[in-house]
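See below for structure-v1.txt, which holds compact mmCIF, C-alpha atoms.
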```
# COMPACT_ATOMS: atom_id res chain seq x y z
CA MET D 1423 0.00 0.00 0.00
CA VAL D 1424 1.38 3.37 -1.02
CA VAL D 1425 0.03 6.62 0.42
CA THR D 1426 0.83 9.84 -1.43
CA MET D 1427 2.72 11.95 1.09
CA PRO D 1428 1.97 15.67 1.41
CA SER D 1429 4.29 18.62 1.83
CA LEU D 1430 5.40 19.86 5.25
CA GLU D 1431 2.83 22.69 5.12
CA ALA D 1432 0.08 20.20 4.32
CA LEU D 1433 1.23 18.05 7.23
CA ARG D 1434 0.94 21.04 9.56
CA GLY D 1435 -2.59 21.72 8.33
CA ASP D 1436 -3.73 18.12 8.69
CA ALA D 1437 -2.19 17.81 12.14
CA ALA D 1438 -3.98 20.99 13.23
CA ARG D 1439 -7.31 19.63 12.01
CA TYR D 1440 -6.68 16.28 13.69
CA ALA D 1441 -5.46 17.71 17.00
CA ARG D 1442 -8.84 17.28 18.67
CA PRO D 1443 -10.95 14.31 17.55
CA ARG D 1444 -14.62 15.21 17.31
CA THR D 1445 -15.81 12.52 19.72
CA ALA D 1446 -14.46 10.19 22.38
CA LYS D 1447 -15.07 7.24 20.04
CA GLU D 1448 -12.99 8.83 17.30
CA ALA D 1449 -10.20 9.49 19.81
CA ALA D 1450 -10.30 5.86 20.94
CA ILE D 1451 -10.15 4.61 17.35
CA VAL D 1452 -7.20 6.85 16.50
CA ASP D 1453 -5.29 5.84 19.64
CA ALA D 1454 -5.88 2.13 18.98
CA ALA D 1455 -4.96 2.44 15.29
CA THR D 1456 -1.75 4.33 16.07
CA ARG D 1457 -0.67 1.61 18.47
CA ILE D 1458 -1.67 -1.39 16.32
CA PHE D 1459 -0.33 -0.03 13.02
CA GLY D 1460 2.93 0.67 14.87
CA GLU D 1461 3.09 -2.87 16.23
CA LYS D 1462 1.93 -4.83 13.18
CA GLY D 1463 2.38 -2.60 10.15
CA TYR D 1464 -0.26 -1.73 7.57
CA GLU D 1465 -0.80 -5.09 5.89
CA ALA D 1466 -1.13 -7.16 9.07
CA THR D 1467 -3.48 -4.75 10.82
CA ARG D 1468 -7.20 -5.60 10.64
CA THR D 1469 -9.86 -2.95 11.17
CA ALA D 1470 -11.75 -5.46 13.31
CA ASP D 1471 -8.79 -5.57 15.71
CA VAL D 1472 -8.59 -1.78 15.82
CA ALA D 1473 -12.31 -1.54 16.54
CA ALA D 1474 -12.09 -4.13 19.32
CA ALA D 1475 -9.11 -2.36 20.91
CA ALA D 1476 -11.03 0.94 20.73
CA GLY D 1477 -14.13 -0.58 22.33
CA VAL D 1478 -16.37 0.08 19.31
CA THR D 1479 -17.88 -2.01 16.55
CA GLU D 1480 -16.25 -2.25 13.15
CA ARG D 1481 -19.36 -0.58 11.72
CA THR D 1482 -18.78 2.40 14.01
CA LEU D 1483 -15.13 2.56 12.94
CA PHE D 1484 -16.17 2.74 9.27
CA ARG D 1485 -18.56 5.61 10.03
CA TYR D 1486 -15.52 7.66 11.02
CA PHE D 1487 -13.02 6.14 8.55
CA PRO D 1488 -14.57 4.53 5.44
CA SER D 1489 -11.48 2.41 4.70
CA LYS D 1490 -8.34 1.08 6.34
CA GLU D 1491 -6.25 3.36 4.11
CA LYS D 1492 -8.13 6.46 5.30
CA LEU D 1493 -7.59 5.40 8.90
CA TYR D 1494 -3.90 4.84 8.20
CA ARG D 1495 -3.53 8.28 6.62
CA ARG D 1496 -5.27 9.80 9.63
CA VAL D 1497 -2.74 8.40 12.09
CA MET D 1498 0.28 8.80 9.80
CA PHE D 1499 0.00 12.58 9.29
CA PRO D 1500 0.68 13.46 12.95
CA ALA D 1501 3.45 10.85 13.00
CA LEU D 1502 5.08 12.47 9.98
CA LEU D 1503 4.85 15.90 11.56
CA VAL D 1504 6.45 14.61 14.75
CA ALA D 1505 9.36 13.25 12.71
CA ALA D 1506 9.77 16.27 10.48
CA VAL D 1507 9.49 19.02 13.09
CA PRO D 1508 10.44 18.64 16.76
CA ARG D 1509 7.34 19.09 18.91
CA ALA D 1510 8.84 21.89 21.01
CA LEU D 1511 9.36 24.13 17.98
CA THR D 1512 7.26 26.76 16.31
CA ASP D 1513 9.69 26.78 13.41
CA ALA D 1514 11.28 23.70 11.85
CA GLY D 1515 14.89 24.87 12.21
CA GLU D 1516 14.61 26.53 15.59
CA LEU D 1517 15.93 23.78 17.85
CA PHE D 1518 19.06 22.99 15.87
CA GLY D 1519 19.60 26.54 14.65
CA THR D 1520 19.26 28.39 17.96
CA ASP D 1521 22.49 29.73 19.42
CA ALA D 1522 23.82 29.05 22.92
CA ASP D 1523 26.63 30.25 25.17
CA SER D 1524 28.51 27.00 24.69
CA LEU D 1525 28.45 23.74 22.77
CA ALA D 1526 27.51 21.89 25.94
CA ASP D 1527 24.57 24.20 26.69
CA TRP D 1528 23.29 23.78 23.16
CA HIS D 1529 23.70 19.98 23.22
CA ARG D 1530 21.94 19.62 26.59
CA ARG D 1531 18.98 21.68 25.37
CA VAL D 1532 18.65 19.61 22.20
CA LEU D 1533 18.70 16.32 24.09
CA ARG D 1534 16.25 17.42 26.77
CA LEU D 1535 13.71 18.64 24.24
CA ARG D 1536 14.08 15.67 21.91
CA VAL D 1537 13.78 13.08 24.70
CA ALA D 1538 10.67 14.84 26.01
CA ALA D 1539 9.18 15.02 22.50
CA ALA D 1540 9.85 11.33 21.83
CA ARG D 1541 8.26 10.28 25.11
CA GLN D 1542 5.22 12.45 24.51
CA ALA D 1543 4.67 11.04 21.03
CA ALA D 1544 6.06 7.51 21.47
CA PRO D 1545 3.17 5.72 19.66
CA GLN D 1546 3.52 8.01 16.65
CA PHE D 1547 7.29 7.50 16.53
CA ARG D 1548 6.87 3.71 16.67
CA LEU D 1549 4.31 3.87 13.88
CA LEU D 1550 6.62 6.01 11.79
CA ILE D 1551 9.61 3.71 12.28
CA SER D 1552 7.52 0.68 11.37
CA SER D 1553 6.26 2.37 8.20
CA LEU D 1554 9.72 3.58 7.16
CA MET D 1555 10.90 -0.03 7.05
CA THR D 1556 8.29 -1.07 4.50
CA GLU D 1557 7.29 2.00 2.46
CA GLU D 1558 9.92 3.41 0.12
CA PRO D 1559 7.88 6.50 -0.99
CA LEU D 1560 7.34 7.44 2.64
CA ARG D 1561 11.04 6.96 3.40
CA ARG D 1562 12.03 9.22 0.49
CA LYS D 1563 9.60 11.91 1.62
CA ILE D 1564 10.88 11.83 5.20
CA ILE D 1565 14.50 12.08 4.01
CA GLU D 1566 13.57 15.13 1.92
CA ILE D 1567 11.85 16.86 4.85
CA TRP D 1568 14.60 15.87 7.29
CA LYS D 1569 17.40 17.25 5.11
CA ASP D 1570 15.77 20.65 4.80
CA ASN D 1571 14.34 21.05 8.30
CA VAL D 1572 16.76 19.19 10.57
CA LEU D 1573 20.10 18.50 8.90
CA ALA D 1574 20.61 21.91 7.25
CA PRO D 1575 20.10 23.96 10.46
CA LEU D 1576 22.32 21.52 12.35
CA VAL D 1577 25.15 21.84 9.82
CA ALA D 1578 24.95 25.63 10.15
CA THR D 1579 25.18 25.30 13.95
CA VAL D 1580 28.16 22.95 13.68
CA ARG D 1581 29.95 25.49 11.47
CA ARG D 1582 29.24 28.19 14.06
CA PHE D 1583 30.81 26.16 16.86
CA GLN D 1584 33.75 25.28 14.61
CA SER D 1585 34.36 28.97 13.93
CA ARG D 1586 34.35 29.60 17.70
CA GLY D 1587 36.91 26.86 18.26
CA GLU D 1588 34.58 24.58 20.23
CA LEU D 1589 34.33 21.84 17.59
CA ARG D 1590 37.21 20.39 15.61
CA GLY D 1591 37.77 22.25 12.38
CA ASP D 1592 39.50 19.30 10.70
CA LEU D 1593 36.22 17.38 10.45
CA PRO D 1594 33.65 18.20 7.72
CA PRO D 1595 30.60 19.86 9.30
CA GLU D 1596 28.19 17.52 7.50
CA LYS D 1597 29.90 14.47 9.00
CA LEU D 1598 29.94 16.04 12.44
CA ALA D 1599 26.24 16.84 12.13
CA ARG D 1600 25.41 13.26 11.21
CA ALA D 1601 27.54 11.97 14.09
CA ILE D 1602 25.70 14.24 16.54
CA ILE D 1603 22.35 12.96 15.27
CA SER D 1604 23.46 9.33 15.60
CA LEU D 1605 24.83 9.90 19.10
CA ASN D 1606 21.62 11.59 20.26
CA LEU D 1607 19.28 9.09 18.65
CA GLY D 1608 20.95 6.23 20.49
CA TYR D 1609 19.77 7.54 23.84
CA ILE D 1610 16.45 8.94 22.60
CA PHE D 1611 15.41 5.61 21.05
CA ALA D 1612 16.50 3.58 24.07
CA ALA D 1613 14.92 5.84 26.69
CA ALA D 1614 11.69 6.77 24.92
CA LEU D 1615 10.91 3.89 22.57
CA ILE D 1616 12.79 0.68 23.30
CA ALA D 1617 12.96 0.52 27.10
CA PRO D 1618 10.97 3.46 28.50
CA ASP D 1619 10.42 1.70 31.86
CA ALA D 1620 14.10 1.05 32.54
CA GLY D 1621 14.41 3.81 35.15
CA TRP D 1622 16.55 6.20 33.12
CA ASP D 1623 18.31 9.07 34.84
CA ASP D 1624 17.95 11.56 32.02
CA GLU D 1625 20.21 14.23 33.45
CA ALA D 1626 23.04 11.77 34.09
CA GLU D 1627 22.66 10.19 30.65
CA ILE D 1628 22.49 13.56 28.93
CA ALA D 1629 25.58 14.75 30.81
CA ALA D 1630 27.47 11.64 29.68
CA THR D 1631 26.38 12.12 26.07
CA VAL D 1632 27.38 15.79 26.13
CA GLU D 1633 30.81 14.86 27.53
CA LEU D 1634 31.26 12.13 24.92
CA LEU D 1635 30.71 14.63 22.10
CA ALA D 1636 33.00 17.16 23.76
CA ARG D 1637 35.82 14.63 24.18
CA GLY D 1638 35.46 13.14 20.71
CA ALA D 1639 34.84 16.23 18.61
CA GLY D 1640 35.52 19.15 20.90
CA VAL D 1641 38.61 21.33 21.10
CA GLY D 1642 40.69 21.63 24.24
CA ASN D 1643 39.66 20.60 27.74
CA PRO D 1644 36.10 19.17 27.87
CA ALA D 1645 35.65 20.63 31.34
CA LYS D 1646 36.04 24.12 29.87
CA ILE D 1647 33.48 23.35 27.15
CA ALA D 1648 30.94 22.20 29.73
```

As a first step, turn the structure in this file into structure tokens.
Amino acid sequence: MVVTMPSLEALRGDAARYARPRTAKEAAIVDAATRIFGEKGYEATRTADVAAAAGVTERTLFRYFPSKEKLYRRVMFPALLVAAVPRALTDAGELFGTDADSLADWHRRVLRLRVAAARQAAPQFRLLISSLMTEEPLRRKIIEIWKDNVLAPLVATVRRFQSRGELRGDLPPEKLARAIISLNLGYIFAAALIAPDAGWDDEAEIAATVELLARGAGVGNPAKIA
């Protein structure tokens, strides 16, 4: 099944319309569909299972969503928006593009906001990850949005910290940006999606991640950077 993916502006509009389901039954259907699509994927998900999990009949489900594809689109749009634009932002590049007094201050802020966003929207993130594994058009669209709205502002920030002497200038900024994303995603995925009940100490983990970046890519004494 291939769903035609909209632009980022269209995603914002759909997410705004979907922010408040019209009824409690619609909310229950959307919540159940988000969870089950994320667990099973599109093909293996049955509308009967979604209806049962939502506590409604399948006939009621089809009154709100005439087909499984329409239900899938309904839950995918917010998931796409969560992936494309961090939830704490009013502007797609704000989080990665905002300045800070130091590399460590900037890195801590990014991690805190991204961990909080992932926890708040964990079902949508799981759904998105599941869909990215099976739907090539969706994956291409996400890469396009991600490059423009996440990677580009981050590369600009990396260049800024390189010019200040806080990040190594001998490393290409694009590679540093990708390394920062990989480093951050390791903790975000583990804490928010894979093992959310593992009793994480976010501040300690964030401090360790910040220090790891400072020691691996920073300039001079990491203690001074922090």

Which neighbours of Thr1520 in chain D fall inside 9 Å, counting only C-alpha atoms, when residues of the same chain fewer than 6 positions from it are skipped, and could you give them as a list in words?
Trp1528, Pro1575 and Thr1579 of chain D

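You will find CA of Ala1540 in chain D at 25.5 Å from CA of Asp1523 in chain D.
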
Leaving out Val1478 in chain D and any residue of its chain fewer than 6 positions from it, which residues lie within 10 Å of it when counting all atoms listed in the file, given as number ranges by chain?
D: 1447-1448, 1450-1451, 1470, 1472

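As for CA of Lys1563 in chain D and CA of Arg1530 in chain D, they are spaced 28.9 Å apart.
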
Using only C-alpha atoms, determine which residues lie at most 9 Å from Ala1544 in chain D, disregarding the query and same-chain residues fewer than 5 positions distant; provide the list as JSON, numbers by chain.
{"D": [1539, 1549, 1614, 1615]}

Write the residues you've just listed into a file as a short mmCIF file (atom, residue, chain, number, x, y, z; two decimals), in the coordinates of the input, and include C-alpha atoms for each of them.
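See out_11.cif below for the written result:
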```cif
data_model
loop_
_atom_site.label_atom_id
_atom_site.label_comp_id
_atom_site.auth_asym_id
_atom_site.auth_seq_id
_atom_site.Cartn_x
_atom_site.Cartn_y
_atom_site.Cartn_z
CA ALA D 1539 9.18 15.02 22.50
CA LEU D 1549 4.31 3.87 13.88
CA ALA D 1614 11.69 6.77 24.92
CA LEU D 1615 10.91 3.89 22.57
#
```

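What separates CA of Ile1565 in chain D from CA of Val1577 in chain D is a distance of 15.6 Å.
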
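Of the residues under consideration (D:Glu1557, D:Glu1588, D:Glu1491, D:Glu1596), D:Glu1588 shows the shortest atom-to-atom contact distance to Gly1638 in chain D when counting all atoms listed in the file.
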
Complete the atom set of range 1453-1464 of chain D to all heavy atoms and return it as a PDB file, in the frame of the given file.
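Ended up saving to part19.pdb:
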```
ATOM      1  N   ASP D1453      -6.307   6.335  18.714  1.00  0.00           N
ATOM      2  CA  ASP D1453      -5.290   5.840  19.640  1.00  0.00           C
ATOM      3  C   ASP D1453      -4.999   4.362  19.382  1.00  0.00           C
ATOM      4  O   ASP D1453      -3.834   3.938  19.349  1.00  0.00           O
ATOM      5  CB  ASP D1453      -5.748   6.032  21.085  1.00  0.00           C
ATOM      6  CG  ASP D1453      -5.709   7.480  21.513  1.00  0.00           C
ATOM      7  OD1 ASP D1453      -5.074   8.292  20.817  1.00  0.00           O
ATOM      8  OD2 ASP D1453      -6.323   7.805  22.555  1.00  0.00           O
ATOM      9  N   ALA D1454      -6.059   3.564  19.217  1.00  0.00           N
ATOM     10  CA  ALA D1454      -5.880   2.130  18.980  1.00  0.00           C
ATOM     11  C   ALA D1454      -5.183   1.885  17.647  1.00  0.00           C
ATOM     12  O   ALA D1454      -4.280   1.038  17.544  1.00  0.00           O
ATOM     13  CB  ALA D1454      -7.230   1.422  19.014  1.00  0.00           C
ATOM     14  N   ALA D1455      -5.574   2.627  16.602  1.00  0.00           N
ATOM     15  CA  ALA D1455      -4.960   2.440  15.290  1.00  0.00           C
ATOM     16  C   ALA D1455      -3.494   2.824  15.298  1.00  0.00           C
ATOM     17  O   ALA D1455      -2.657   2.140  14.704  1.00  0.00           O
ATOM     18  CB  ALA D1455      -5.718   3.277  14.249  1.00  0.00           C
ATOM     19  N   THR D1456      -3.153   3.909  15.979  1.00  0.00           N
ATOM     20  CA  THR D1456      -1.750   4.330  16.070  1.00  0.00           C
ATOM     21  C   THR D1456      -0.909   3.228  16.696  1.00  0.00           C
ATOM     22  O   THR D1456       0.183   2.898  16.209  1.00  0.00           O
ATOM     23  CB  THR D1456      -1.638   5.621  16.880  1.00  0.00           C
ATOM     24  OG1 THR D1456      -2.398   6.650  16.250  1.00  0.00           O
ATOM     25  CG2 THR D1456      -0.188   6.076  16.993  1.00  0.00           C
ATOM     26  N   ARG D1457      -1.420   2.657  17.766  1.00  0.00           N
ATOM     27  CA  ARG D1457      -0.670   1.610  18.470  1.00  0.00           C
ATOM     28  C   ARG D1457      -0.567   0.340  17.621  1.00  0.00           C
ATOM     29  O   ARG D1457       0.522  -0.240  17.478  1.00  0.00           O
ATOM     30  CB  ARG D1457      -1.344   1.298  19.803  1.00  0.00           C
ATOM     31  CG  ARG D1457      -0.698   0.157  20.571  1.00  0.00           C
ATOM     32  CD  ARG D1457      -1.277   0.053  21.971  1.00  0.00           C
ATOM     33  NE  ARG D1457      -2.723   0.005  21.977  1.00  0.00           N
ATOM     34  CZ  ARG D1457      -3.442  -1.098  21.737  1.00  0.00           C
ATOM     35  NH1 ARG D1457      -2.820  -2.239  21.434  1.00  0.00           N
ATOM     36  NH2 ARG D1457      -4.753  -1.072  21.786  1.00  0.00           N
ATOM     37  N   ILE D1458      -1.673  -0.106  17.030  1.00  0.00           N
ATOM     38  CA  ILE D1458      -1.670  -1.390  16.320  1.00  0.00           C
ATOM     39  C   ILE D1458      -0.940  -1.291  14.989  1.00  0.00           C
ATOM     40  O   ILE D1458      -0.184  -2.205  14.616  1.00  0.00           O
ATOM     41  CB  ILE D1458      -3.124  -1.887  16.138  1.00  0.00           C
ATOM     42  CG1 ILE D1458      -3.726  -2.190  17.517  1.00  0.00           C
ATOM     43  CG2 ILE D1458      -3.164  -3.136  15.263  1.00  0.00           C
ATOM     44  CD1 ILE D1458      -5.207  -2.532  17.482  1.00  0.00           C
ATOM     45  N   PHE D1459      -1.121  -0.202  14.250  1.00  0.00           N
ATOM     46  CA  PHE D1459      -0.330  -0.030  13.020  1.00  0.00           C
ATOM     47  C   PHE D1459       1.163  -0.017  13.352  1.00  0.00           C
ATOM     48  O   PHE D1459       1.979  -0.546  12.598  1.00  0.00           O
ATOM     49  CB  PHE D1459      -0.713   1.266  12.314  1.00  0.00           C
ATOM     50  CG  PHE D1459      -1.944   1.182  11.456  1.00  0.00           C
ATOM     51  CD1 PHE D1459      -2.962   2.110  11.586  1.00  0.00           C
ATOM     52  CD2 PHE D1459      -2.071   0.187  10.499  1.00  0.00           C
ATOM     53  CE1 PHE D1459      -4.097   2.046  10.791  1.00  0.00           C
ATOM     54  CE2 PHE D1459      -3.204   0.107   9.687  1.00  0.00           C
ATOM     55  CZ  PHE D1459      -4.220   1.038   9.842  1.00  0.00           C
ATOM     56  N   GLY D1460       1.533   0.621  14.468  1.00  0.00           N
ATOM     57  CA  GLY D1460       2.930   0.670  14.870  1.00  0.00           C
ATOM     58  C   GLY D1460       3.484  -0.690  15.234  1.00  0.00           C
ATOM     59  O   GLY D1460       4.658  -0.984  14.988  1.00  0.00           O
ATOM     60  N   GLU D1461       2.641  -1.531  15.813  1.00  0.00           N
ATOM     61  CA  GLU D1461       3.090  -2.870  16.230  1.00  0.00           C
ATOM     62  C   GLU D1461       3.119  -3.864  15.076  1.00  0.00           C
ATOM     63  O   GLU D1461       4.024  -4.693  14.968  1.00  0.00           O
ATOM     64  CB  GLU D1461       2.176  -3.394  17.336  1.00  0.00           C
ATOM     65  CG  GLU D1461       2.289  -2.639  18.648  1.00  0.00           C
ATOM     66  CD  GLU D1461       1.219  -3.052  19.648  1.00  0.00           C
ATOM     67  OE1 GLU D1461       0.315  -3.853  19.268  1.00  0.00           O
ATOM     68  OE2 GLU D1461       1.269  -2.588  20.799  1.00  0.00           O
ATOM     69  N   LYS D1462       2.104  -3.784  14.194  1.00  0.00           N
ATOM     70  CA  LYS D1462       1.930  -4.830  13.180  1.00  0.00           C
ATOM     71  C   LYS D1462       2.225  -4.377  11.758  1.00  0.00           C
ATOM     72  O   LYS D1462       2.389  -5.221  10.868  1.00  0.00           O
ATOM     73  CB  LYS D1462       0.487  -5.364  13.233  1.00  0.00           C
ATOM     74  CG  LYS D1462       0.129  -6.046  14.541  1.00  0.00           C
ATOM     75  CD  LYS D1462      -1.289  -6.633  14.463  1.00  0.00           C
ATOM     76  CE  LYS D1462      -1.652  -7.397  15.722  1.00  0.00           C
ATOM     77  NZ  LYS D1462      -3.013  -7.987  15.625  1.00  0.00           N
ATOM     78  N   GLY D1463       2.252  -3.077  11.516  1.00  0.00           N
ATOM     79  CA  GLY D1463       2.380  -2.600  10.150  1.00  0.00           C
ATOM     80  C   GLY D1463       1.027  -2.550   9.456  1.00  0.00           C
ATOM     81  O   GLY D1463       0.026  -3.047   9.980  1.00  0.00           O
ATOM     82  N   TYR D1464       1.013  -1.956   8.267  1.00  0.00           N
ATOM     83  CA  TYR D1464      -0.260  -1.730   7.570  1.00  0.00           C
ATOM     84  C   TYR D1464      -0.926  -3.040   7.153  1.00  0.00           C
ATOM     85  O   TYR D1464      -2.105  -3.272   7.443  1.00  0.00           O
ATOM     86  CB  TYR D1464      -0.037  -0.846   6.342  1.00  0.00           C
ATOM     87  CG  TYR D1464      -1.296  -0.615   5.551  1.00  0.00           C
ATOM     88  CD1 TYR D1464      -2.200   0.370   5.934  1.00  0.00           C
ATOM     89  CD2 TYR D1464      -1.593  -1.380   4.424  1.00  0.00           C
ATOM     90  CE1 TYR D1464      -3.375   0.593   5.223  1.00  0.00           C
ATOM     91  CE2 TYR D1464      -2.764  -1.174   3.703  1.00  0.00           C
ATOM     92  CZ  TYR D1464      -3.643  -0.190   4.110  1.00  0.00           C
ATOM     93  OH  TYR D1464      -4.803   0.013   3.404  1.00  0.00           O
TER      94      TYR D1464
END
```
